[in-house]
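One structure is given below, encoded as structure tokens.
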Amino acid sequence: MSDLRKKLDLAAVRARLEGARGREYWRSLDDLASTEEFQDLLEREFPRQAIGWSEDENSVDGRRNFLKLMGASLALAGLTACTKQPVEHIMPYVRQPEELIPGKPLFFATATTLNGVASGVLAESHEGRPTKIEGNPEHPGTLGACDPFSQASVLQLYDPDRAQVLTYEGEVRSWAAFLAELRNIVVRQRLKNGAGIRILTETVTSPTLAAQLHAVQQALPAAKWHQWEPAGPHSARTSAMQAFGQPVHTRYNFLNANVVVSLDSDFLASGAGYLRYAREFSARRRVRTDQTTMNRLYAVEPMPTATGTKADHRLPLRAGDVEEFARALAAGVGATNGPQSGQNGDIYKWIGPISRDLLANKGASLVIAGECQPPIVHTLAHAMNAALGNVGKTVIYSDPVEAKPVDQVASLQDLVNDLDAGAVDVLLILGGNPVFTAPVELGMRDRIQKARLRIRLGLYEDETSEVCQWHLPEAHYLETWSDGRAYDGTITLMQPLIEPLYGGRSVLEIVTMMTDLPQTGAYETIRSYWASQHTGGDFEGWWRRAVHDGLVADTALPAKTVAVRGDALAPAAQAPQAGGSLEVVFRPDPTIYDGRFANNGWLQELPKPVSKLTWDNAAIIGPGTAHSLNVDTGDMLEVSYQGHSLRAPVWIQPGHVNGSVTMHLGYGRTRSGRAGDGMGFNPYGLRTAKALWHDTGLEVRKTSGSYLFATTQNEHALDTRRHIIRQGTLNEYLKNPESVHEGAEVPPRTLTLYPEFKYEGYAWGMAIDLNACTGCGACVVACQAENNIAVVGKDQVRRSRAMHWLRVDAYYSGDPDNPAIYNQPVPCQQCEDAPCELVCPVQATSHSSEGLNDMVYNRCVGTRYCSNNCPYKVRRFNFYLFSDYETPSLKLLHNPDVTVRSRGVMEKCTYCVQRINYAKIESEKENRKVREGEIQTACQATCPTEAIVFGNLNDPNSRASRMKAEKLNYALLADLNTRPRTTYLASLRNPNPEIEA
Amino acid sequence: MSQIFHHSTNTLARVTIFGGVFILGFVSWALAELDTSAYATRATQAREQPVPFSHAHHAGGLGLDCRYCHTTVETSGFANIPPTKTCMNCHSEIWSTSPMLEPVRASFRTNTSINWVRVHDLPDFVYFNHSIHISKGVGCETCHGRVDRMPLTWQDASLRMQWCLNCHRHPDRYVRPREDVTMMGYEPAGDQEQIGRQLVKQYHIQDARALTSCSTCHR
């Protein structure tokens, strides 16, 4: 919507904020500047789309066409009912598999991996086709929650753009032909001990794969194995070697932490183990009648992240300044000797209060360094945690989770040197996309071609496949057996849910092909590996248990004692400079990560936390930088760094530090598939091995042209003056629990013309704890997967037509340079007195006996009256045929329990009524009531922080009822007296009194 | 000035004005009738199947219980069509060379499904669940008719929403004791209304408001 925005007058905005009394919230800079366009967005459900459906139509023609077509379709509408249903067939099994009951889903434990680290999930299978991913409640890394990447992995499985055939120089070949070639290579290479073989993989945690690679290296001792992961924990690895002299893995326990300091760490929404961290962190943050303590979070970061939005004190600092902050804090808590003041006062202003807070919570505090911070910051965090006595309590050290931790930058450099020396006969690239993701100065595209034979295993025929002779289709994780380790080292087993759709093979199978071991497939390889590792009797029972659970219990790596070496904490090489040139900051994208999910429509369309951008990345800058560069959102910049340059559109993000430009990696793909090609720009084009995450010396120049973003931040806007967000501090709450509702009006219950409904059985309702919500967006993707929600594309998102039933709004308050940020998930509120129900001329939306606002798609004629009358703007209309009825592989994706909606139909959140009905039917067959917790809506089940709770309000002991009984509970737009079934618990912060005063 | 229209046009006008109403009414009535007719709903039309399977012979003549083949009817929403293996339980021994059964044997040999024509085909936006109906005492016969008298299977009821609602509004008129659900030709052992009311209570069948909520069947 920013395309419509007028130039932002920062001075005027500041003046307005200063003049404002009390708490004032805003949705975006447009909102703050009170532009006319924003008012339009606020007042209308579907702005700018009443007339016409393409941009080139002028309004008069558009209206005429519209009336003509309306008339014609009205006349034809009646006739469509006269068609006979086509004949359908039933194809029963020949031999029905045991345990499979047609019509009932089965769940299998498996796991997804990111950077090698496994997250246990349960995959739902309908007659053999996986349709939905849930977290595995027994897995220590997920505890039943699920991240957006895992949620969207089913779409990746059925992606029609996946590589479907094995090719040699573009010609289709068979696996037998490849196997013969590979055996040939191995036999020839054996003469020189495999000196010409290089294997490049992503990070490996799989014990079996590591064992196979080890077997290859034993047979071919001169062959080399390299690993490269563009967004991996490079700094943590290097820091461990520097600080402890050995590879050490760090994990955290937030349950024991009263005070947390995040040094640019987004531990609530990214990185290994974040689902568990978010669960533990929020458990200490929940304020209820019976829990009145809260942890405290300080966050220091350049770009506002999900973690930053939860911080009690957030300090925007340039990524390069975090080191100085960490040094000062380390000195403050007595971990090192160093200055506690410097040129840049911002860095030092909170050092005193924060260090006192940390020292007051010795053994119950935690300093956590971000994966994108340099090794020294990690080392300083280790030193601080040691000095604060946190080791063993909130910080646990163990042996590495990775099978072979190496400095991956050096590993890649080593490969490049060998390529240059002409020493590489055969290069096997197993997974990853190094041509796209390698540091720019390595020139990987040309360098790789120095290997005489390039073999590539990948899910997609991407940028790397383009320069390889052999392309082998990779098996998706839902198609093959594998294993791995969780964030704490727990052995995690992955089992396939479906035969490989395109005959793909896994990395493990390719590596096994290089050995003399029997070629019995991944299952036998994995099983025999674990049989060889198993001690004690009854392997079969142990194995079955492990496959069933998806993990081997009690295999978390034991804690180990390490000490930070004194020489690891050398003082800063040079005195830190304040100001200076612009800083460039690279970060993995919150939704498409390092680019591997670029072709996933669900992740592309998932609004990114905080910025709410979809389908794009941007040169993200703070309001102050925008002012000094004299640029506005949508302007084009030419950015250059170290002789490389590219064009990038500007996005002004409130809360982003000034003096830095953040760019999210993963966009600008050229060969990702239909969804990802040509979206955004490619910051890898600036990224060097020396500065993987940030560096100064960025030059920017405003150029001609402007850019249209698709952001949902201004869509479906509610009037912030009407107490949409309610929040306060812990102290205010303890003094007066109702203080958060100050000024809000709730009309008496009787003030209504609606008849009172009686609910004798169940009365479903939902409570959402704003204090727990991090705005990560997992719920949005979960909802999309569960409810067959269509992807609409960037152009349609720009027209407010994104179909997500659940949106996560972000609200700001305070200074645009460092505002407080609030997240608010908004599904259908399921009003008791629902405005939508009354206006439907065909009763396609009506009240159920359990209080749901039912939506009947087959009845809907698309008047959109309901949507127009919905004060919460939660209804979504199919302006086009957004659902894909054609692509064969995508048909397998749909949840069979939910209708696939067609064009011209309204839809909205149903509280996952298919799950409600399933549980009700099962309970009634057993002659009992639905148990508390038996029904979990898709959003609830996936939520890492358990912010969303669904339940029966007729049961006063249900979790939802108890949450609603809390003093913090409030309804959105309560003054309208719609009496929503979905209510919110106000957000509380726990500021440090020293800083707040 | 002479009249433009002949006197007889008066009659024509009257006929069109009044007749219009009746003609429109008739056309609407005829369309509605057509829509609910067996022609449109395919009710009572026996379907051609790859194997002329006779329920009359198996269920009626031999007295096989419905659940011998439709095993999941009590546990799942879908009352499964038996796998070929179920046919072969008997037909590997009896009629094992009958040419009529060749498609069954071929299916078993080649491991390919028999391509049955679906007889009861609800629209895709209707989510019917067999198991809950069985558990609440709705007999097979209530919806499927006298299957034991069908040499080739046909759909007995219209399967239109109106027909569903008959029972969802007044379940007491249709339910029977659970132990009799698969019985064909069931006769209530007394006054159906009285038995029905008692069963509705005993089986905790929801009230009409819940049973006629849209999301009970549509989602």
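The chains in the structure tokens are called A, B, ... from first to last as shown; in each chain the residues are counted from 1, and the ligands are counted from 1 in the order shown.
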Taking only C-alpha atoms into account and nothing else, which residues of chain A lie no more than 7 Å away from chain B? Please answer as number ranges by chain. A: 82, 84, 88-96, 101-104, 848-849, 854, 856, 858, 898-899, 913-914, 921, 925
Written file, previous selection with C-alpha atoms, as an mmCIF file, in the first residue's frame:
data_model
loop_
_atom_site.group_PDB
_atom_site.id
_atom_site.type_symbol
_atom_site.label_atom_id
_atom_site.label_comp_id
_atom_site.auth_asym_id
_atom_site.auth_seq_id
_atom_site.Cartn_x
_atom_site.Cartn_y
_atom_site.Cartn_z
ATOM 1 C CA CYS A 82 -29.516 -28.257 -13.129
ATOM 2 C CA LYS A 84 -26.242 -33.804 -12.943
ATOM 3 C CA GLU A 88 -17.518 -41.025 -9.732
ATOM 4 C CA HIS A 89 -15.607 -44.191 -9.069
ATOM 5 C CA ILE A 90 -14.361 -45.941 -5.979
ATOM 6 C CA MET A 91 -11.095 -47.821 -6.131
ATOM 7 C CA PRO A 92 -10.721 -49.941 -3.022
ATOM 8 C CA TYR A 93 -7.475 -51.532 -1.953
ATOM 9 C CA VAL A 94 -6.674 -54.970 -3.282
ATOM 10 C CA ARG A 95 -5.178 -55.864 0.067
ATOM 11 C CA GLN A 96 -5.985 -53.291 2.668
ATOM 12 C CA ILE A 101 -9.045 -47.176 8.161
ATOM 13 C CA PRO A 102 -10.235 -45.280 5.098
ATOM 14 C CA GLY A 103 -11.511 -41.890 6.230
ATOM 15 C CA LYS A 104 -9.355 -41.753 9.335
ATOM 16 C CA SER A 848 -24.533 -22.722 15.176
ATOM 17 C CA SER A 849 -25.915 -24.273 18.328
ATOM 18 C CA ASP A 854 -20.850 -21.122 10.435
ATOM 19 C CA VAL A 856 -21.535 -22.456 4.242
ATOM 20 C CA ASN A 858 -22.059 -23.948 -1.184
ATOM 21 C CA VAL A 898 -12.347 -29.199 4.344
ATOM 22 C CA THR A 899 -14.075 -27.937 1.194
ATOM 23 C CA VAL A 913 -14.810 -26.987 12.730
ATOM 24 C CA GLN A 914 -13.630 -30.219 11.063
ATOM 25 C CA ILE A 921 -18.202 -37.735 16.846
ATOM 26 C CA LYS A 925 -19.450 -42.899 19.965
#
If you take only C-alpha atoms and a cut-off of 12 Å, which residues of segment 12-99 of chain B touch segment 147-166 of chain B, and what are their nearest atom pairs and distances in Å to one decimal, in chain and number order, as a Markdown table?
| residue | atom | partner | partner_atom | distance |
| --- | --- | --- | --- | --- |
| B:Asp35 | CA | B:Arg160 | CA | 9.9 |
| B:Thr36 | CA | B:Ser158 | CA | 7.3 |
| B:Ser37 | CA | B:Ser158 | CA | 8.1 |
| B:Ala38 | CA | B:Ser158 | CA | 7.2 |
| B:Tyr39 | CA | B:Ser158 | CA | 10.2 |
| B:Ala40 | CA | B:Ser158 | CA | 9.1 |
| B:Thr41 | CA | B:Ser158 | CA | 5.8 |
| B:Arg42 | CA | B:Gln155 | CA | 7.1 |
| B:Ala43 | CA | B:Gln155 | CA | 4.8 |
| B:Thr44 | CA | B:Asp156 | CA | 5.3 |
| B:Gln45 | CA | B:Trp154 | CA | 5.4 |
| B:Ala46 | CA | B:Trp154 | CA | 4.3 |
| B:Arg47 | CA | B:Trp154 | CA | 6.2 |
| B:Glu48 | CA | B:Leu152 | CA | 7.7 |
| B:Gln49 | CA | B:Leu152 | CA | 8.2 |
| B:Pro50 | CA | B:Leu152 | CA | 11.3 |
| B:Val51 | CA | B:Leu152 | CA | 9.8 |
| B:Pro52 | CA | B:Leu152 | CA | 6.5 |
| B:Phe53 | CA | B:Leu152 | CA | 6.3 |
| B:Ser54 | CA | B:Pro151 | CA | 4.4 |
| B:His55 | CA | B:Asp148 | CA | 5.5 |
| B:Ala56 | CA | B:Asp148 | CA | 4.3 |
| B:His57 | CA | B:Pro151 | CA | 7.0 |
| B:His58 | CA | B:Asp148 | CA | 7.8 |
| B:Ala59 | CA | B:Asp148 | CA | 5.3 |
| B:Gly60 | CA | B:Asp148 | CA | 4.2 |
| B:Gly61 | CA | B:Asp148 | CA | 7.7 |
| B:Leu62 | CA | B:Asp148 | CA | 9.8 |
| B:Gly63 | CA | B:Asp148 | CA | 8.6 |
| B:Leu64 | CA | B:Asp148 | CA | 9.8 |
| B:Asp65 | CA | B:Asp148 | CA | 10.5 |
| B:Cys66 | CA | B:Val147 | CA | 9.7 |
| All strand (DSSP E or B) residues (DSSP, backbone) inside chain B, as a PyMOL selection string | chain B and resi 43+116-117+155
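Of the listed residues (B:Cys143, B:Val138, B:Leu101, B:Val21), B:Val138 comes nearest to Tyr174 of chain B; the distances count only C-alpha atoms.
Atom CA of Cys909 of chain A sits 23.2 Å away from atom CA of Glu760 of chain A.
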Work out how far apart atom CA of Val409 of chain A and atom CA of Thr379 of chain A are and give it in Å to one decimal.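 For atom CA of Val409 of chain A relative to atom CA of Thr379 of chain A, the distance reads 19.0 Å.
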From a DSSP calculation on the backbone, collect every residue of segment 130-237 of chain A in helix (DSSP H, G or I) and output the set as a PyMOL selection string. chain A and resi 148-151+153-158+175-190+207-219+234-237
### Query
Contacts of segment 181-197 of chain A at 6 Å or less, counting only C-alpha atoms, minus same-chain residues fewer than 5 places along, as JSON, numbers by chain?
{"A": [220, 221, 222, 223, 423, 424, 425, 426]}
Expected file: the selected residues, C-alpha atoms, as a tab-separated table (two decimals), in the first residue's frame:
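Below is the file that was written, again.tsv:
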chain	number	residue	atom	x	y	z
A	220	LEU	CA	39.15	-43.27	-0.67
A	221	PRO	CA	41.39	-41.60	1.92
A	222	ALA	CA	42.32	-38.66	-0.28
A	223	ALA	CA	38.73	-37.73	-1.05
A	423	ALA	CA	42.68	-31.08	-8.53
A	424	VAL	CA	38.97	-31.87	-8.66
A	425	ASP	CA	37.90	-34.60	-11.04
A	426	VAL	CA	34.48	-35.19	-9.59
Worksheet entry | Exercise: segment 256-273 of chain A partners within 6 Å, only C-alpha atoms, chain neighbours under 2 positions left out, as number ranges by chain | A: 141, 254, 275-276, 278, 295-301, 307, 364-370, 394, 487, 776
State, in Å with one decimal place, the distance from atom CA of Arg14 of chain A to atom CA of Val657 of chain A.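 Value for the atom CA of Arg14 of chain A-atom CA of Val657 of chain A distance: 16.8 Å.
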Just want the 10 Å neighbourhood of Gly566 of chain A, counted on only C-alpha atoms, with same-chain residues fewer than 4 positions away dropped. Output as a list of chain:residue names.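 Selected residues are A:Ala243, A:Phe244, A:Thr336, A:Ala383, A:Ala570.
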Only C-alpha atoms, please: the residues just picked out, written as a PDB file, in the first residue's frame.
ATOM      1  CA  ALA A 243      37.014 -19.823  23.772  1.00  0.00           C
ATOM      2  CA  PHE A 244      37.209 -23.486  24.709  1.00  0.00           C
ATOM      3  CA  THR A 336      36.355  -8.828  31.886  1.00  0.00           C
ATOM      4  CA  ALA A 383      32.445 -15.309  29.725  1.00  0.00           C
ATOM      5  CA  ALA A 570      41.587 -10.052  23.833  1.00  0.00           C
TER       6      ALA A 570
END
